[in-house]
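Chemist: Can you keep this structure in mind? I'll have questions shortly.
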Amino acid sequence: MEVDVHFSDDYSDIVGEGFDLAIRIGGNDDNRLIRKVLAPHRMVTCASPAYLQRYGTPQSISELVKHQKLAFKHRGSVVSWQFHTPQGKQLLPVSGRLTLNDTQAILDASIEGEGICQLGVFFVGTAIQQGRLLPILSEFSRQESSICALYPTKRYLPLKVSYFLTLIDECWQGKAIWDF
């Protein structure tokens with residue numbers, strides 16, 4: 001099997017661009033695609049030990065106002081952070097001295113002590129396991145839309161797509177293997 005991988009924080013037109021398969025969070029946005037849930041997903045708010053030692057660890061969502069937050073700009077808009085509280089979903093508009101449009105850049109900046117980030121656990125799990133990032137405000141973390149495979153509706157699923165999905169099923173077994 002040959003794999004040609006394209007990474008992007010933007011949505012690609014899978015059908016129009018001729019992709020066989022996409023892995024996305026959610027994926028309910030295109031009725032031309034078959035959606036297969038692969039694993040659960042949740043967002044984690046975290047920062048480096050050096051940042052927390054220098055500026056302190058926020059104990060509440062409201063304390064985040066006093067901290068440097070690494071903002072993610074997606075499709076021209078800064079994405080608000082989401083928290084689950086007893087009162088329901090709480091959105092926190094994010095602003096700071098650093099706004100980035102690439103999640104890898106946000107992860108790198110957070111590890112380097114530039115601020116607090118909120119990213120998917122699949123993205124920060126290894127850094128947390130290695131102690132390069134520490135989760136904060138974990139009691140407000142919540143499950144998000146699942147990680148899904150999406151592929152064009154076809155009468156017969158190509159063997160390479162079927163094989164790839166089988167490999168993921170065998171490796172992940174429906175679990176977030178990257179979670180800490």
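Each chain in the structure tokens gets a letter, A, B, ..., in the order shown, and its residues are numbered from 1; ligands are numbered from 1 in order too.
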Could you give me, as an MDAnalysis selection string, each residue of range 100-148 of chain A that DSSP assigns to strand (DSSP E) when run on this structure's backbone?
Modeler: chainID A and resid 100 117:120 134:136 147:148
Chemist: For range 10-14 of chain A, work out the shell of residues within 8 Å, counting only C-alpha atoms and skipping chain neighbours fewer than 4 positions away, then give it as a PyMOL selection string.
Modeler: chain A and resi 18-22+74-75+151-152
Chemist: I need the residues from that last selection saved to file as a compact mmCIF listing (two decimals), in the first residue's frame (with N, CA, C and O atoms), if you can.
Modeler:
```
# COMPACT_ATOMS: atom_id res chain seq x y z
N GLY A 18 -10.29 14.34 -5.28
CA GLY A 18 -9.94 12.96 -5.60
C GLY A 18 -9.29 12.17 -4.47
O GLY A 18 -8.61 11.19 -4.72
N PHE A 19 -9.52 12.57 -3.22
CA PHE A 19 -8.97 11.80 -2.10
C PHE A 19 -9.77 10.52 -1.91
O PHE A 19 -10.99 10.49 -2.11
N ASP A 20 -9.10 9.46 -1.51
CA ASP A 20 -9.77 8.21 -1.21
C ASP A 20 -10.41 8.22 0.18
O ASP A 20 -11.41 7.58 0.41
N LEU A 21 -9.78 8.97 1.11
CA LEU A 21 -10.18 8.91 2.51
C LEU A 21 -9.67 10.15 3.23
O LEU A 21 -8.61 10.67 2.89
N ALA A 22 -10.41 10.60 4.22
CA ALA A 22 -9.96 11.67 5.10
C ALA A 22 -10.23 11.26 6.53
O ALA A 22 -11.20 10.55 6.81
N HIS A 74 -8.71 29.96 12.46
CA HIS A 74 -9.16 28.98 11.48
C HIS A 74 -10.16 29.64 10.55
O HIS A 74 -11.15 30.22 11.01
N ARG A 75 -9.88 29.57 9.26
CA ARG A 75 -10.75 30.18 8.24
C ARG A 75 -10.99 31.67 8.54
O ARG A 75 -12.11 32.16 8.44
N TYR A 151 -15.13 8.92 3.49
CA TYR A 151 -14.75 8.52 2.14
C TYR A 151 -15.96 8.66 1.23
O TYR A 151 -17.10 8.62 1.68
N PRO A 152 -15.68 8.86 -0.05
CA PRO A 152 -16.79 9.09 -0.99
C PRO A 152 -17.74 7.92 -1.05
O PRO A 152 -17.34 6.76 -0.96
```
Chemist: Please provide as a list in words all residues within 8 Å of Ser141 in chain A, with the sequence filter that same-chain residues fewer than 3 positions apart are discarded (counting only C-alpha atoms).
Modeler: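 Within the cut-off, the hits are Arg42, Met43, Val44, Thr45, Phe83, His84, Leu137 and Ser138 of chain A.
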Chemist: Go ahead and compute the interatomic distance for CA of Val15 in chain A and CA of Leu38 in chain A, in Å to one decimal.
Modeler: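 These two atoms are separated by 20.4 Å.
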Chemist: Counting only C-alpha atoms, what is within 10 Å of Ile61 in chain A, bar same-chain residues fewer than 5 positions away, as JSON, numbers by chain?
Modeler: {"A": [83, 85, 90, 91, 92, 136, 137, 140]}
Chemist: Selection from above, all heavy atoms, as a compact mmCIF listing (two decimals), in the first residue's frame, can you write it?
Modeler:
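Everything below was put into part.txt:
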```txt
# COMPACT_ATOMS: atom_id res chain seq x y z
N PHE A 83 -15.41 24.94 27.26
CA PHE A 83 -15.32 24.23 28.54
C PHE A 83 -16.69 23.70 28.90
O PHE A 83 -17.71 24.28 28.53
CB PHE A 83 -14.83 25.17 29.64
CG PHE A 83 -13.45 25.72 29.40
CD1 PHE A 83 -13.27 26.95 28.80
CD2 PHE A 83 -12.33 24.99 29.76
CE1 PHE A 83 -12.00 27.46 28.56
CE2 PHE A 83 -11.06 25.48 29.53
CZ PHE A 83 -10.89 26.73 28.94
N THR A 85 -19.07 23.10 31.97
CA THR A 85 -19.29 23.48 33.37
C THR A 85 -20.62 22.91 33.83
O THR A 85 -21.42 22.46 33.00
CB THR A 85 -19.31 25.02 33.53
OG1 THR A 85 -20.50 25.53 32.91
CG2 THR A 85 -18.08 25.67 32.92
N GLN A 90 -19.38 26.48 28.12
CA GLN A 90 -18.92 27.86 28.28
C GLN A 90 -17.86 28.13 27.22
O GLN A 90 -16.88 27.39 27.10
CB GLN A 90 -18.35 28.09 29.67
CG GLN A 90 -17.87 29.51 29.88
CD GLN A 90 -17.37 29.75 31.30
OE1 GLN A 90 -17.70 29.03 32.23
NE2 GLN A 90 -16.55 30.79 31.44
N LEU A 91 -18.06 29.19 26.46
CA LEU A 91 -17.08 29.61 25.46
C LEU A 91 -16.21 30.72 26.03
O LEU A 91 -16.70 31.62 26.70
CB LEU A 91 -17.78 30.12 24.20
CG LEU A 91 -18.60 29.10 23.42
CD1 LEU A 91 -19.29 29.77 22.25
CD2 LEU A 91 -17.74 27.95 22.95
N LEU A 92 -14.94 30.65 25.75
CA LEU A 92 -14.01 31.69 26.18
C LEU A 92 -13.36 32.27 24.93
O LEU A 92 -12.58 31.58 24.25
CB LEU A 92 -12.93 31.10 27.10
CG LEU A 92 -11.85 32.08 27.55
CD1 LEU A 92 -12.42 33.09 28.54
CD2 LEU A 92 -10.68 31.33 28.17
N ILE A 136 -4.35 21.43 32.53
CA ILE A 136 -4.92 22.30 33.55
C ILE A 136 -6.43 22.35 33.35
O ILE A 136 -6.93 22.07 32.26
CB ILE A 136 -4.32 23.73 33.51
CG1 ILE A 136 -4.58 24.39 32.16
CG2 ILE A 136 -2.83 23.70 33.83
CD1 ILE A 136 -4.21 25.86 32.12
N LEU A 137 -7.13 22.69 34.40
CA LEU A 137 -8.60 22.81 34.36
C LEU A 137 -9.25 21.56 33.76
O LEU A 137 -10.24 21.64 33.03
CB LEU A 137 -9.00 24.07 33.57
CG LEU A 137 -8.43 25.40 34.10
CD1 LEU A 137 -8.72 26.54 33.14
CD2 LEU A 137 -8.96 25.70 35.50
N PHE A 140 -12.97 20.67 33.51
CA PHE A 140 -13.83 21.33 32.52
C PHE A 140 -13.63 20.79 31.11
O PHE A 140 -14.18 21.31 30.15
CB PHE A 140 -13.60 22.84 32.54
CG PHE A 140 -13.83 23.46 33.88
CD1 PHE A 140 -12.77 23.96 34.62
CD2 PHE A 140 -15.11 23.53 34.41
CE1 PHE A 140 -12.99 24.53 35.87
CE2 PHE A 140 -15.33 24.09 35.66
CZ PHE A 140 -14.27 24.58 36.39
```
Chemist: I'd like a table as JSON lines: residues in range 113-162 of chain A with an atom no more than 12 Å from range 169-180 of chain A, each row giving the shortest atom pair and its distance in Å to one decimal, only C-alpha atoms counted, sorted by chain and rising residue number.
Modeler:
```
{"residue": "A:Gly120", "atom": "CA", "partner": "A:Asp179", "partner_atom": "CA", "distance": 9.7}
{"residue": "A:Val121", "atom": "CA", "partner": "A:Asp179", "partner_atom": "CA", "distance": 6.1}
{"residue": "A:Phe122", "atom": "CA", "partner": "A:Trp178", "partner_atom": "CA", "distance": 5.4}
{"residue": "A:Phe123", "atom": "CA", "partner": "A:Trp178", "partner_atom": "CA", "distance": 8.2}
{"residue": "A:Val124", "atom": "CA", "partner": "A:Trp178", "partner_atom": "CA", "distance": 8.6}
{"residue": "A:Gly125", "atom": "CA", "partner": "A:Asp179", "partner_atom": "CA", "distance": 5.5}
{"residue": "A:Thr126", "atom": "CA", "partner": "A:Trp178", "partner_atom": "CA", "distance": 6.9}
{"residue": "A:Ala127", "atom": "CA", "partner": "A:Phe180", "partner_atom": "CA", "distance": 9.9}
{"residue": "A:Ile128", "atom": "CA", "partner": "A:Phe180", "partner_atom": "CA", "distance": 7.3}
{"residue": "A:Gln129", "atom": "CA", "partner": "A:Phe180", "partner_atom": "CA", "distance": 6.4}
{"residue": "A:Gln130", "atom": "CA", "partner": "A:Phe180", "partner_atom": "CA", "distance": 10.2}
{"residue": "A:Gly131", "atom": "CA", "partner": "A:Phe180", "partner_atom": "CA", "distance": 11.1}
{"residue": "A:Leu133", "atom": "CA", "partner": "A:Phe180", "partner_atom": "CA", "distance": 11.7}
{"residue": "A:Leu134", "atom": "CA", "partner": "A:Phe180", "partner_atom": "CA", "distance": 10.9}
{"residue": "A:Pro135", "atom": "CA", "partner": "A:Phe180", "partner_atom": "CA", "distance": 10.0}
{"residue": "A:Ser138", "atom": "CA", "partner": "A:Phe180", "partner_atom": "CA", "distance": 11.9}
{"residue": "A:Gln143", "atom": "CA", "partner": "A:Ala176", "partner_atom": "CA", "distance": 11.5}
{"residue": "A:Ser146", "atom": "CA", "partner": "A:Ala176", "partner_atom": "CA", "distance": 9.9}
{"residue": "A:Ile147", "atom": "CA", "partner": "A:Ala176", "partner_atom": "CA", "distance": 9.1}
{"residue": "A:Cys148", "atom": "CA", "partner": "A:Gly174", "partner_atom": "CA", "distance": 10.4}
{"residue": "A:Ala149", "atom": "CA", "partner": "A:Asp169", "partner_atom": "CA", "distance": 10.8}
{"residue": "A:Ser162", "atom": "CA", "partner": "A:Asp169", "partner_atom": "CA", "distance": 10.5}
```
Chemist: Just the residues within 12 Å of Ala105 in chain A, please, counting only C-alpha atoms, with nothing from its chain fewer than 3 positions along; format it as number ranges by chain.
Modeler: A: 9, 70-73, 98-102, 108-112, 114-115, 117, 119, 123
Chemist: So that each row is one residue of range 49-166 of chain A with an atom at most 10 Å from range 1-8 of chain A, can you give its shortest atom pair and the distance in Å to one decimal, using only C-alpha atoms, rows by chain and rising number, as a Markdown table?
Modeler:
```
| residue | atom | partner | partner_atom | distance |
| --- | --- | --- | --- | --- |
| A:Asp102 | CA | A:Ser8 | CA | 8.4 |
| A:Thr103 | CA | A:Ser8 | CA | 9.4 |
| A:Lys160 | CA | A:Met1 | CA | 7.1 |
| A:Val161 | CA | A:Met1 | CA | 10.0 |
| A:Tyr163 | CA | A:Met1 | CA | 9.1 |
| A:Phe164 | CA | A:Met1 | CA | 8.8 |
```
Chemist: If you keep N, CA and C atoms, can you produce a file of those selected residues as a PDB file, in the first residue's frame?
Modeler:
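Result written to again-v8.pdb:
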```pdb
ATOM      1  N   ASP A 102      -1.870  27.371  12.670  1.00  0.00           N
ATOM      2  CA  ASP A 102      -1.357  26.016  12.530  1.00  0.00           C
ATOM      3  C   ASP A 102      -1.271  25.371  13.908  1.00  0.00           C
ATOM      4  N   THR A 103      -1.933  24.230  14.075  1.00  0.00           N
ATOM      5  CA  THR A 103      -1.968  23.591  15.393  1.00  0.00           C
ATOM      6  C   THR A 103      -0.594  23.095  15.839  1.00  0.00           C
ATOM      7  N   LYS A 160      -8.113  -0.814  -1.124  1.00  0.00           N
ATOM      8  CA  LYS A 160      -7.100  -0.100  -0.346  1.00  0.00           C
ATOM      9  C   LYS A 160      -7.729   0.692   0.806  1.00  0.00           C
ATOM     10  N   VAL A 161      -8.926   1.252   0.600  1.00  0.00           N
ATOM     11  CA  VAL A 161      -9.620   1.986   1.654  1.00  0.00           C
ATOM     12  C   VAL A 161     -10.112   1.010   2.715  1.00  0.00           C
ATOM     13  N   TYR A 163      -8.873  -1.912   3.438  1.00  0.00           N
ATOM     14  CA  TYR A 163      -7.706  -2.422   4.148  1.00  0.00           C
ATOM     15  C   TYR A 163      -7.205  -1.404   5.169  1.00  0.00           C
ATOM     16  N   PHE A 164      -7.117  -0.132   4.771  1.00  0.00           N
ATOM     17  CA  PHE A 164      -6.655   0.916   5.669  1.00  0.00           C
ATOM     18  C   PHE A 164      -7.578   1.047   6.883  1.00  0.00           C
TER      19      PHE A 164
END
```
Chemist: In range 76-156 of chain A, what's helix (DSSP H, G or I) per DSSP? Answer as a PyMOL selection string?
Modeler: chain A and resi 103-111+121-129+138-140
Chemist: Take the residues from that selection and write them out as a PDB file, in the first residue's frame, keeping N, CA, C and O atoms.
Modeler:
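Everything below was put into part.pdb:
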```
ATOM      1  N   THR A 103      -1.933  24.230  14.075  1.00  0.00           N
ATOM      2  CA  THR A 103      -1.968  23.591  15.393  1.00  0.00           C
ATOM      3  C   THR A 103      -0.594  23.095  15.839  1.00  0.00           C
ATOM      4  O   THR A 103      -0.291  23.119  17.034  1.00  0.00           O
ATOM      5  N   GLN A 104       0.250  22.670  14.907  1.00  0.00           N
ATOM      6  CA  GLN A 104       1.598  22.244  15.284  1.00  0.00           C
ATOM      7  C   GLN A 104       2.385  23.422  15.851  1.00  0.00           C
ATOM      8  O   GLN A 104       3.111  23.280  16.830  1.00  0.00           O
ATOM      9  N   ALA A 105       2.224  24.593  15.258  1.00  0.00           N
ATOM     10  CA  ALA A 105       2.904  25.789  15.763  1.00  0.00           C
ATOM     11  C   ALA A 105       2.405  26.147  17.162  1.00  0.00           C
ATOM     12  O   ALA A 105       3.194  26.567  18.022  1.00  0.00           O
ATOM     13  N   ILE A 106       1.112  25.964  17.406  1.00  0.00           N
ATOM     14  CA  ILE A 106       0.563  26.224  18.746  1.00  0.00           C
ATOM     15  C   ILE A 106       1.168  25.250  19.755  1.00  0.00           C
ATOM     16  O   ILE A 106       1.587  25.645  20.840  1.00  0.00           O
ATOM     17  N   LEU A 107       1.212  23.987  19.390  1.00  0.00           N
ATOM     18  CA  LEU A 107       1.809  22.977  20.273  1.00  0.00           C
ATOM     19  C   LEU A 107       3.262  23.332  20.581  1.00  0.00           C
ATOM     20  O   LEU A 107       3.675  23.341  21.750  1.00  0.00           O
ATOM     21  N   ASP A 108       4.038  23.644  19.552  1.00  0.00           N
ATOM     22  CA  ASP A 108       5.453  23.987  19.753  1.00  0.00           C
ATOM     23  C   ASP A 108       5.620  25.213  20.651  1.00  0.00           C
ATOM     24  O   ASP A 108       6.460  25.220  21.551  1.00  0.00           O
ATOM     25  N   ALA A 109       4.809  26.243  20.411  1.00  0.00           N
ATOM     26  CA  ALA A 109       4.894  27.465  21.226  1.00  0.00           C
ATOM     27  C   ALA A 109       4.540  27.184  22.680  1.00  0.00           C
ATOM     28  O   ALA A 109       5.172  27.723  23.593  1.00  0.00           O
ATOM     29  N   SER A 110       3.551  26.340  22.901  1.00  0.00           N
ATOM     30  CA  SER A 110       3.158  26.017  24.277  1.00  0.00           C
ATOM     31  C   SER A 110       4.266  25.238  24.980  1.00  0.00           C
ATOM     32  O   SER A 110       4.592  25.524  26.139  1.00  0.00           O
ATOM     33  N   ILE A 111       4.841  24.272  24.294  1.00  0.00           N
ATOM     34  CA  ILE A 111       5.948  23.500  24.880  1.00  0.00           C
ATOM     35  C   ILE A 111       7.114  24.422  25.236  1.00  0.00           C
ATOM     36  O   ILE A 111       7.784  24.237  26.256  1.00  0.00           O
ATOM     37  N   VAL A 121      -6.601  16.025  22.469  1.00  0.00           N
ATOM     38  CA  VAL A 121      -5.711  15.147  23.220  1.00  0.00           C
ATOM     39  C   VAL A 121      -4.851  14.303  22.276  1.00  0.00           C
ATOM     40  O   VAL A 121      -3.716  13.954  22.613  1.00  0.00           O
ATOM     41  N   PHE A 122      -5.343  13.990  21.081  1.00  0.00           N
ATOM     42  CA  PHE A 122      -4.528  13.243  20.117  1.00  0.00           C
ATOM     43  C   PHE A 122      -3.286  14.036  19.744  1.00  0.00           C
ATOM     44  O   PHE A 122      -2.259  13.475  19.371  1.00  0.00           O
ATOM     45  N   PHE A 123      -3.365  15.348  19.878  1.00  0.00           N
ATOM     46  CA  PHE A 123      -2.261  16.217  19.496  1.00  0.00           C
ATOM     47  C   PHE A 123      -1.291  16.452  20.658  1.00  0.00           C
ATOM     48  O   PHE A 123      -0.094  16.550  20.447  1.00  0.00           O
ATOM     49  N   VAL A 124      -1.797  16.593  21.870  1.00  0.00           N
ATOM     50  CA  VAL A 124      -0.956  16.934  23.022  1.00  0.00           C
ATOM     51  C   VAL A 124      -0.657  15.751  23.932  1.00  0.00           C
ATOM     52  O   VAL A 124       0.153  15.871  24.852  1.00  0.00           O
ATOM     53  N   GLY A 125      -1.285  14.601  23.692  1.00  0.00           N
ATOM     54  CA  GLY A 125      -1.146  13.451  24.588  1.00  0.00           C
ATOM     55  C   GLY A 125       0.288  13.025  24.833  1.00  0.00           C
ATOM     56  O   GLY A 125       0.695  12.785  25.968  1.00  0.00           O
ATOM     57  N   THR A 126       1.082  12.928  23.784  1.00  0.00           N
ATOM     58  CA  THR A 126       2.482  12.514  23.930  1.00  0.00           C
ATOM     59  C   THR A 126       3.275  13.534  24.739  1.00  0.00           C
ATOM     60  O   THR A 126       4.048  13.162  25.625  1.00  0.00           O
ATOM     61  N   ALA A 127       3.081  14.818  24.467  1.00  0.00           N
ATOM     62  CA  ALA A 127       3.795  15.859  25.219  1.00  0.00           C
ATOM     63  C   ALA A 127       3.407  15.823  26.697  1.00  0.00           C
ATOM     64  O   ALA A 127       4.248  16.059  27.572  1.00  0.00           O
ATOM     65  N   ILE A 128       2.151  15.510  26.980  1.00  0.00           N
ATOM     66  CA  ILE A 128       1.711  15.392  28.377  1.00  0.00           C
ATOM     67  C   ILE A 128       2.337  14.156  29.019  1.00  0.00           C
ATOM     68  O   ILE A 128       2.855  14.221  30.137  1.00  0.00           O
ATOM     69  N   GLN A 129       2.328  13.037  28.302  1.00  0.00           N
ATOM     70  CA  GLN A 129       2.938  11.809  28.836  1.00  0.00           C
ATOM     71  C   GLN A 129       4.431  11.999  29.101  1.00  0.00           C
ATOM     72  O   GLN A 129       4.973  11.419  30.041  1.00  0.00           O
ATOM     73  N   SER A 138      -8.692  20.408  34.094  1.00  0.00           N
ATOM     74  CA  SER A 138      -9.171  19.133  33.533  1.00  0.00           C
ATOM     75  C   SER A 138     -10.627  18.853  33.856  1.00  0.00           C
ATOM     76  O   SER A 138     -11.311  18.176  33.091  1.00  0.00           O
ATOM     77  N   GLU A 139     -11.102  19.373  34.974  1.00  0.00           N
ATOM     78  CA  GLU A 139     -12.496  19.126  35.342  1.00  0.00           C
ATOM     79  C   GLU A 139     -13.470  19.774  34.360  1.00  0.00           C
ATOM     80  O   GLU A 139     -14.654  19.458  34.356  1.00  0.00           O
ATOM     81  N   PHE A 140     -12.974  20.668  33.507  1.00  0.00           N
ATOM     82  CA  PHE A 140     -13.834  21.327  32.522  1.00  0.00           C
ATOM     83  C   PHE A 140     -13.627  20.786  31.108  1.00  0.00           C
ATOM     84  O   PHE A 140     -14.179  21.309  30.155  1.00  0.00           O
TER      85      PHE A 140
END
```
